[in-house]
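Note: the block below is final-v6.cif and it holds mmCIF, C-alpha atoms and all ligand atoms.
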```cif
data_query
#
loop_
_atom_site.label_atom_id
_atom_site.label_comp_id
_atom_site.auth_asym_id
_atom_site.auth_seq_id
_atom_site.Cartn_x
_atom_site.Cartn_y
_atom_site.Cartn_z
CA MET T 106 7.45 -9.09 -17.25
CA LYS T 107 5.10 -6.51 -15.80
CA ASN T 108 5.12 -5.39 -12.17
CA ILE T 109 2.52 -6.51 -9.66
CA VAL T 110 1.38 -3.39 -7.81
CA LEU T 111 -0.58 -3.67 -4.57
CA ILE T 112 -2.72 -0.79 -3.35
CA GLY T 113 -5.16 -0.49 -0.45
CA MET T 114 -5.62 0.77 3.06
CA SER T 115 -2.99 0.59 5.78
CA GLY T 116 -3.22 -2.74 7.55
CA ILE T 117 -4.95 -4.60 4.70
CA GLY T 118 -1.82 -6.76 4.21
CA LYS T 119 -0.02 -5.28 1.17
CA THR T 120 3.46 -5.94 2.53
CA THR T 121 2.82 -9.47 3.81
CA ILE T 122 1.01 -10.51 0.64
CA GLY T 123 3.57 -8.76 -1.56
CA GLU T 124 6.41 -10.61 0.14
CA TYR T 125 4.59 -13.92 -0.33
CA ILE T 126 4.05 -13.26 -4.06
CA SER T 127 7.66 -12.15 -4.55
CA TYR T 128 8.87 -15.35 -2.87
CA LYS T 129 6.58 -17.56 -4.94
CA LEU T 130 7.31 -15.89 -8.29
CA LYS T 131 10.98 -15.24 -7.47
CA LYS T 132 10.56 -11.56 -8.22
CA ASP T 133 12.15 -8.70 -6.28
CA PHE T 134 9.93 -7.03 -3.71
CA THR T 135 9.87 -3.31 -3.08
CA ASP T 136 7.81 -1.11 -0.81
CA THR T 137 7.37 2.63 -1.41
CA ASP T 138 7.38 3.46 2.32
CA ASN T 139 10.64 1.55 2.83
CA LEU T 140 12.27 3.34 -0.10
CA ILE T 141 11.23 6.74 1.29
CA SER T 142 12.33 5.83 4.79
CA ASN T 143 15.71 4.48 3.61
CA ASN T 144 16.35 7.54 1.42
CA MET T 145 15.59 9.92 4.29
CA LYS T 146 17.13 7.71 6.99
CA LEU T 147 14.01 8.44 9.04
CA SER T 148 10.90 6.47 9.92
CA ILE T 149 7.66 7.41 8.10
CA GLU T 150 6.35 8.70 11.44
CA ASP T 151 9.36 11.01 11.87
CA ILE T 152 9.05 12.27 8.28
CA PHE T 153 5.41 13.22 8.99
CA LEU T 154 6.39 14.83 12.31
CA LYS T 155 9.37 16.80 11.01
CA PHE T 156 8.25 17.75 7.51
CA GLY T 157 4.47 17.16 7.38
CA GLU T 158 2.23 15.11 5.12
CA LYS T 159 2.62 17.38 2.06
CA HIS T 160 6.37 16.82 2.00
CA PHE T 161 5.87 13.08 2.50
CA ARG T 162 3.54 13.02 -0.54
CA ASN T 163 6.22 14.76 -2.63
CA LEU T 164 8.78 12.15 -1.56
CA GLU T 165 6.26 9.41 -2.36
CA ARG T 166 5.73 10.92 -5.81
CA GLU T 167 9.49 10.92 -6.54
CA VAL T 168 9.84 7.28 -5.47
CA VAL T 169 6.91 6.25 -7.68
CA LYS T 170 8.44 8.03 -10.69
CA LYS T 171 11.66 6.07 -10.19
CA ILE T 172 10.19 2.59 -9.68
CA SER T 173 7.61 2.98 -12.45
CA SER T 174 10.30 2.61 -15.12
CA LYS T 175 11.44 -0.73 -13.69
CA GLU T 176 10.03 -4.17 -14.54
CA ASP T 177 9.45 -7.54 -12.96
CA LEU T 178 8.86 -6.24 -9.44
CA VAL T 179 6.27 -6.83 -6.77
CA ILE T 180 5.50 -3.34 -5.46
CA SER T 181 3.70 -2.63 -2.21
CA THR T 182 2.53 0.97 -1.92
CA GLY T 183 1.60 3.30 0.94
CA GLY T 184 -2.14 3.59 1.57
CA GLY T 185 -2.24 7.14 0.25
CA ILE T 186 -0.62 6.43 -3.11
CA ILE T 187 -3.98 6.88 -4.85
CA LEU T 188 -4.29 10.49 -3.64
CA ASN T 189 -2.21 11.59 -6.64
CA HIS T 190 -3.61 10.12 -9.86
CA LYS T 191 -0.21 10.61 -11.53
CA ASN T 192 1.15 7.89 -9.24
CA ILE T 193 -1.37 5.40 -10.59
CA THR T 194 -0.84 6.44 -14.21
CA ASP T 195 2.90 5.90 -13.76
CA LEU T 196 2.55 2.58 -11.94
CA LYS T 197 0.22 1.26 -14.65
CA LYS T 198 2.76 1.90 -17.42
CA LYS T 199 4.62 -1.25 -16.51
CA GLY T 200 2.37 -2.77 -13.92
CA ILE T 201 -0.97 -4.32 -13.09
CA VAL T 202 -2.68 -2.72 -10.10
CA PHE T 203 -4.41 -4.97 -7.56
CA LEU T 204 -6.57 -3.39 -4.87
CA LEU T 205 -6.66 -5.34 -1.62
CA ASP T 206 -10.02 -4.58 -0.08
CA GLY T 207 -11.64 -5.80 3.11
CA SER T 208 -13.70 -4.94 6.14
CA ILE T 209 -12.83 -2.16 8.57
CA ASP T 210 -12.67 -4.85 11.29
CA ILE T 211 -9.79 -6.63 9.53
CA ILE T 212 -7.93 -3.38 8.88
CA VAL T 213 -8.27 -2.19 12.48
CA SER T 214 -7.32 -5.55 13.94
CA ASN T 215 -4.18 -5.72 11.74
CA ILE T 216 -3.17 -2.15 12.59
CA LYS T 217 -3.51 -2.94 16.30
CA LYS T 218 -1.29 -6.03 15.94
CA SER T 219 1.34 -4.26 13.80
CA SER T 220 4.55 -2.73 15.09
CA VAL T 221 4.54 -0.17 12.25
CA SER T 222 3.37 3.25 13.35
CA ARG T 223 0.89 4.89 10.95
CA PRO T 224 0.80 8.65 11.49
CA LEU T 225 -2.72 8.96 10.03
CA LEU T 226 -4.06 5.98 11.96
CA LYS T 227 -2.59 5.87 15.41
CA SER T 228 -3.88 3.26 17.84
CA THR T 229 -6.26 5.44 19.80
CA SER T 230 -9.69 4.78 21.20
CA ASN T 231 -11.33 6.10 18.03
CA LEU T 232 -9.20 4.06 15.60
CA TYR T 233 -12.30 2.35 14.18
CA GLU T 234 -13.98 5.70 13.42
CA LYS T 235 -10.78 7.20 11.96
CA THR T 236 -10.23 4.17 9.74
CA THR T 237 -13.85 4.20 8.56
CA SER T 238 -13.67 7.85 7.67
CA LEU T 239 -10.32 7.50 5.83
CA TYR T 240 -11.66 4.47 3.95
CA ASN T 241 -14.90 6.23 2.96
CA ASN T 242 -13.00 9.27 1.75
CA ARG T 243 -10.71 7.15 -0.40
CA LYS T 244 -13.00 4.33 -1.49
CA ASN T 245 -13.82 5.74 -4.94
CA LEU T 246 -10.16 6.47 -5.66
CA TYR T 247 -9.11 2.95 -4.62
CA PHE T 248 -11.74 1.32 -6.82
CA SER T 249 -11.15 3.53 -9.84
CA SER T 250 -7.36 3.02 -9.60
CA ALA T 251 -7.52 -0.77 -9.59
CA ASP T 252 -7.22 -3.15 -12.52
CA TYR T 253 -8.41 -5.96 -10.22
CA ILE T 254 -10.11 -5.97 -6.83
CA ILE T 255 -9.17 -8.70 -4.40
CA LEU T 256 -11.28 -9.26 -1.29
CA VAL T 257 -9.15 -10.35 1.64
CA ASP T 258 -11.83 -11.15 4.26
CA ASP T 259 -11.60 -14.69 5.67
CA LYS T 260 -8.72 -15.65 3.37
CA SER T 261 -5.17 -16.64 4.26
CA VAL T 262 -2.11 -14.81 2.92
CA GLU T 263 -1.43 -17.83 0.68
CA GLU T 264 -4.99 -17.83 -0.72
CA ILE T 265 -4.87 -14.11 -1.50
CA GLY T 266 -1.38 -14.31 -2.99
CA ASP T 267 -2.27 -17.31 -5.15
CA GLU T 268 -5.43 -15.54 -6.38
CA ILE T 269 -3.29 -12.62 -7.56
CA ILE T 270 -0.70 -14.92 -9.14
CA LYS T 271 -3.44 -16.74 -11.05
CA ILE T 272 -4.80 -13.49 -12.49
CA PHE T 273 -1.32 -12.21 -13.30
C1 LIG Q 1 -0.45 6.20 4.64
C2 LIG Q 1 -0.17 4.85 4.72
C3 LIG Q 1 1.13 4.36 5.16
C4 LIG Q 1 2.24 5.39 4.92
C5 LIG Q 1 1.85 6.70 5.53
C6 LIG Q 1 0.56 7.26 4.94
C7 LIG Q 1 -1.79 6.64 4.20
O1 LIG Q 1 1.46 3.16 4.46
O2 LIG Q 1 2.49 5.55 3.56
O3 LIG Q 1 1.73 6.50 6.91
O4 LIG Q 1 -1.95 7.80 3.80
O5 LIG Q 1 -2.71 5.80 4.21
P1 LIG Q 1 0.78 1.74 4.76
O6 LIG Q 1 -0.42 1.65 3.87
O7 LIG Q 1 1.82 0.74 4.38
O8 LIG Q 1 0.43 1.70 6.20
#
```

Write the structure described by the file as structure tokens, please.
Amino acid sequence: MKNIVLIGMSGIGKTTIGEYISYKLKKDFTDTDNLISNNMKLSIEDIFLKFGEKHFRNLEREVVKKISSKEDLVISTGGGIILNHKNITDLKKKGIVFLLDGSIDIIVSNIKKSSVSRPLLKSTSNLYEKTTSLYNNRKNLYFSSADYIILVDDKSVEEIGDEIIKIF
């Protein structure tokens, strides 16, 4: 069976929804950020601080190459996975790519609630502006990378997960 690949902005719910789908379909769940962090034995924030974003993107690329040859997984990706089109080409070889899309309000509110630190979107006073600008810069890449676009606004995790399962 093919992989279910979730892409989208930080805070849109890729991990939570991915875990729900993996539980419902009894498929293994994997998360590119977790793989990178476990390999390096460092948090994503520390990798950014010590080695910079460029190095993080190289690590992300290596992880994508490895998981793209596997099957039957639910894969949650880091928000910047779309920045390298080779990542998407690889992930599509054995996977269907679902973009989780929603309002900036939802993204910002989830980031504020989350315990995960996002180096590119730190909880500062201008989080809304930063998120809007990151989203606008990436919007075209997100949409052109997706096989399916799933709107998350006003839906529960179960509703979103079931919508993806139905398409899959
Ligand atoms: C990033 C998103 C993060 C993580 C890193 C960079 C981005 O993942 O990969 O902080 O560029 O948007 P999440 O989307 O899981 O927050």

**OP:** Tell me which of T:Glu176, T:Glu165, T:Glu124, T:Asp252 sits closest to ligand LIG 1 (chain Q), counting only C-alpha atoms and all ligand atoms.
**Re:** T:Glu165

Original post:
Restricting the calculation to all atoms listed in the file, which member of T:Ile172, T:Leu140, T:Ile272, T:Met114 is positioned closest to ligand LIG 1 (chain Q)?
Top reply: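 When distances to ligand LIG 1 (chain Q) are compared using all atoms listed in the file, the smallest one comes from T:Met114.
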
**OP:** Check the smallest atom-to-atom distance from each of T:Lys198, T:Lys191, T:Lys131, T:His160 to ligand LIG 1 (chain Q) using all atoms listed in the file, then report the winner.
**Re:**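 Of the candidates, the smallest distance to ligand LIG 1 (chain Q) is held by T:His160.
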
Original post:
Got a sec to check which residues lie within 7 Å of ligand LIG 1 (chain Q), using only C-alpha atoms and all ligand atoms, and send them as a list in words?
Top reply: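 Within the 7 Å cut-off, the matching residues are Gly113, Met114, Ser115, Gly116, Asp138, Ile149, Glu150, Thr182, Gly183, Gly184, Gly185, Arg223, Pro224 and Leu225 of chain T.
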
Original post:
Restricting the calculation to all atoms listed in the file, which member of T:Ser214, T:Thr236, T:Asn189, T:Ser181 is positioned closest to Asn108 in chain T?
Top reply: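 Ranking T:Ser214, T:Thr236, T:Asn189, T:Ser181 by distance to Asn108 in chain T, first place goes to T:Ser181.
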
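We find CA of Leu147 in chain T and CA of Arg162 in chain T to be spaced 14.9 Å apart.
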
Original post:
Near Ser148 in chain T, within 12 Å and counting all atoms listed in the file, which residues show up once chain neighbours fewer than 3 positions away are dropped, as an MDAnalysis selection string?
Top reply: chainID T and resid 138:145 151:156 161 221:224

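Neighbours of Ile187 in chain T closer than or equal to 12 Å, with all atoms listed in the file counted and sequence neighbours fewer than 6 positions away skipped, come out as T:Val110, T:Leu111, T:Ile112, T:Gly113, T:Met114, T:Arg162, T:Glu165, T:Arg166, T:Val169, T:Ile193, T:Thr194, T:Asp195, T:Leu196, T:Val202, T:Leu204, T:Tyr240, T:Asn242, T:Arg243, T:Lys244, T:Asn245, T:Leu246, T:Tyr247, T:Phe248, T:Ser249, T:Ser250, T:Ala251.
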
Original post:
Between CA of Asp177 in chain T and CA of Met106 in chain T, what is the distance, to one decimal in Å?
Top reply: 5.0 Å

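For the set T:Ile209, T:Ser220, T:Phe273, T:Ile180, the residue with the smallest atom-to-atom gap to Leu232 in chain T is T:Ile209, counting only C-alpha atoms.
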
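Neighbouring residues of Ile122 in chain T at 6 Å or closer, counting only C-alpha atoms and skipping chain neighbours under 3 positions away, are Gly118, Lys119, Tyr125, Val262 and Gly266 of chain T.
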
Subject >> Among listed residues T:Glu234, T:Glu158, T:Asp136, T:Asp206, nearest Val257 in chain T (using all atoms listed in the file) >> reply: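 Residue with the minimum atom-to-atom distance to Val257 in chain T: T:Asp206.
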
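Distance-wise, CA of Ile186 in chain T and CA of Lys217 in chain T end up 21.7 Å apart.
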
Contacts of Ile270 in chain T at 9 Å or less, counting all atoms listed in the file, minus same-chain residues fewer than 4 places along, as a compact mmCIF listing (two decimals) with C-alpha atoms, in the frame of the given file?
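The new file selection-v3.txt reads:
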```txt
# COMPACT_ATOMS: atom_id res chain seq x y z
CA ILE T 126 4.05 -13.26 -4.06
CA LYS T 129 6.58 -17.56 -4.94
CA LEU T 130 7.31 -15.89 -8.29
CA ILE T 265 -4.87 -14.11 -1.50
CA GLY T 266 -1.38 -14.31 -2.99
```

Could you add whatever atoms are missing so that range 190-211 of chain T carries N, CA and C atoms, then write the result as a PDB file, in the frame of the given file?
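Wrote out.pdb, looks like this:
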```
ATOM      1  N   HIS T 190      -3.299  11.025  -8.745  1.00  0.00           N
ATOM      2  CA  HIS T 190      -3.610  10.120  -9.860  1.00  0.00           C
ATOM      3  C   HIS T 190      -2.404   9.871 -10.756  1.00  0.00           C
ATOM      4  N   LYS T 191      -1.425  10.806 -10.718  1.00  0.00           N
ATOM      5  CA  LYS T 191      -0.210  10.610 -11.530  1.00  0.00           C
ATOM      6  C   LYS T 191       0.543   9.377 -11.054  1.00  0.00           C
ATOM      7  N   ASN T 192       0.483   9.094  -9.761  1.00  0.00           N
ATOM      8  CA  ASN T 192       1.150   7.890  -9.240  1.00  0.00           C
ATOM      9  C   ASN T 192       0.588   6.641  -9.916  1.00  0.00           C
ATOM     10  N   ILE T 193      -0.726   6.593 -10.020  1.00  0.00           N
ATOM     11  CA  ILE T 193      -1.370   5.400 -10.590  1.00  0.00           C
ATOM     12  C   ILE T 193      -1.090   5.315 -12.090  1.00  0.00           C
ATOM     13  N   THR T 194      -1.153   6.444 -12.772  1.00  0.00           N
ATOM     14  CA  THR T 194      -0.840   6.440 -14.210  1.00  0.00           C
ATOM     15  C   THR T 194       0.570   5.907 -14.422  1.00  0.00           C
ATOM     16  N   ASP T 195       1.514   6.371 -13.629  1.00  0.00           N
ATOM     17  CA  ASP T 195       2.900   5.900 -13.760  1.00  0.00           C
ATOM     18  C   ASP T 195       3.019   4.406 -13.451  1.00  0.00           C
ATOM     19  N   LEU T 196       2.422   3.991 -12.353  1.00  0.00           N
ATOM     20  CA  LEU T 196       2.550   2.580 -11.940  1.00  0.00           C
ATOM     21  C   LEU T 196       1.915   1.628 -12.944  1.00  0.00           C
ATOM     22  N   LYS T 197       0.899   2.124 -13.672  1.00  0.00           N
ATOM     23  CA  LYS T 197       0.220   1.260 -14.650  1.00  0.00           C
ATOM     24  C   LYS T 197       1.001   1.106 -15.953  1.00  0.00           C
ATOM     25  N   LYS T 198       1.994   1.988 -16.170  1.00  0.00           N
ATOM     26  CA  LYS T 198       2.760   1.900 -17.420  1.00  0.00           C
ATOM     27  C   LYS T 198       3.411   0.541 -17.557  1.00  0.00           C
ATOM     28  N   LYS T 199       3.966   0.057 -16.457  1.00  0.00           N
ATOM     29  CA  LYS T 199       4.620  -1.250 -16.510  1.00  0.00           C
ATOM     30  C   LYS T 199       4.092  -2.188 -15.437  1.00  0.00           C
ATOM     31  N   GLY T 200       2.868  -1.940 -15.004  1.00  0.00           N
ATOM     32  CA  GLY T 200       2.370  -2.770 -13.920  1.00  0.00           C
ATOM     33  C   GLY T 200       0.875  -3.011 -13.965  1.00  0.00           C
ATOM     34  N   ILE T 201       0.456  -4.038 -13.253  1.00  0.00           N
ATOM     35  CA  ILE T 201      -0.970  -4.320 -13.090  1.00  0.00           C
ATOM     36  C   ILE T 201      -1.305  -4.005 -11.634  1.00  0.00           C
ATOM     37  N   VAL T 202      -2.359  -3.220 -11.444  1.00  0.00           N
ATOM     38  CA  VAL T 202      -2.680  -2.720 -10.100  1.00  0.00           C
ATOM     39  C   VAL T 202      -3.786  -3.567  -9.458  1.00  0.00           C
ATOM     40  N   PHE T 203      -3.458  -4.153  -8.318  1.00  0.00           N
ATOM     41  CA  PHE T 203      -4.410  -4.970  -7.560  1.00  0.00           C
ATOM     42  C   PHE T 203      -4.795  -4.222  -6.295  1.00  0.00           C
ATOM     43  N   LEU T 204      -6.093  -3.997  -6.123  1.00  0.00           N
ATOM     44  CA  LEU T 204      -6.570  -3.390  -4.870  1.00  0.00           C
ATOM     45  C   LEU T 204      -6.877  -4.505  -3.885  1.00  0.00           C
ATOM     46  N   LEU T 205      -6.288  -4.435  -2.698  1.00  0.00           N
ATOM     47  CA  LEU T 205      -6.660  -5.340  -1.620  1.00  0.00           C
ATOM     48  C   LEU T 205      -7.734  -4.625  -0.814  1.00  0.00           C
ATOM     49  N   ASP T 206      -8.911  -5.230  -0.767  1.00  0.00           N
ATOM     50  CA  ASP T 206     -10.020  -4.580  -0.080  1.00  0.00           C
ATOM     51  C   ASP T 206     -10.599  -5.526   0.969  1.00  0.00           C
ATOM     52  N   GLY T 207     -11.079  -4.947   2.062  1.00  0.00           N
ATOM     53  CA  GLY T 207     -11.640  -5.800   3.110  1.00  0.00           C
ATOM     54  C   GLY T 207     -12.395  -4.972   4.124  1.00  0.00           C
ATOM     55  N   SER T 208     -12.875  -5.640   5.155  1.00  0.00           N
ATOM     56  CA  SER T 208     -13.700  -4.940   6.140  1.00  0.00           C
ATOM     57  C   SER T 208     -12.854  -4.053   7.045  1.00  0.00           C
ATOM     58  N   ILE T 209     -13.508  -3.067   7.627  1.00  0.00           N
ATOM     59  CA  ILE T 209     -12.830  -2.160   8.570  1.00  0.00           C
ATOM     60  C   ILE T 209     -12.319  -2.989   9.771  1.00  0.00           C
ATOM     61  N   ASP T 210     -13.079  -4.002  10.164  1.00  0.00           N
ATOM     62  CA  ASP T 210     -12.670  -4.850  11.290  1.00  0.00           C
ATOM     63  C   ASP T 210     -11.294  -5.469  11.056  1.00  0.00           C
ATOM     64  N   ILE T 211     -11.083  -5.997   9.860  1.00  0.00           N
ATOM     65  CA  ILE T 211      -9.790  -6.630   9.530  1.00  0.00           C
ATOM     66  C   ILE T 211      -8.676  -5.582   9.566  1.00  0.00           C
TER      67      ILE T 211
END
```
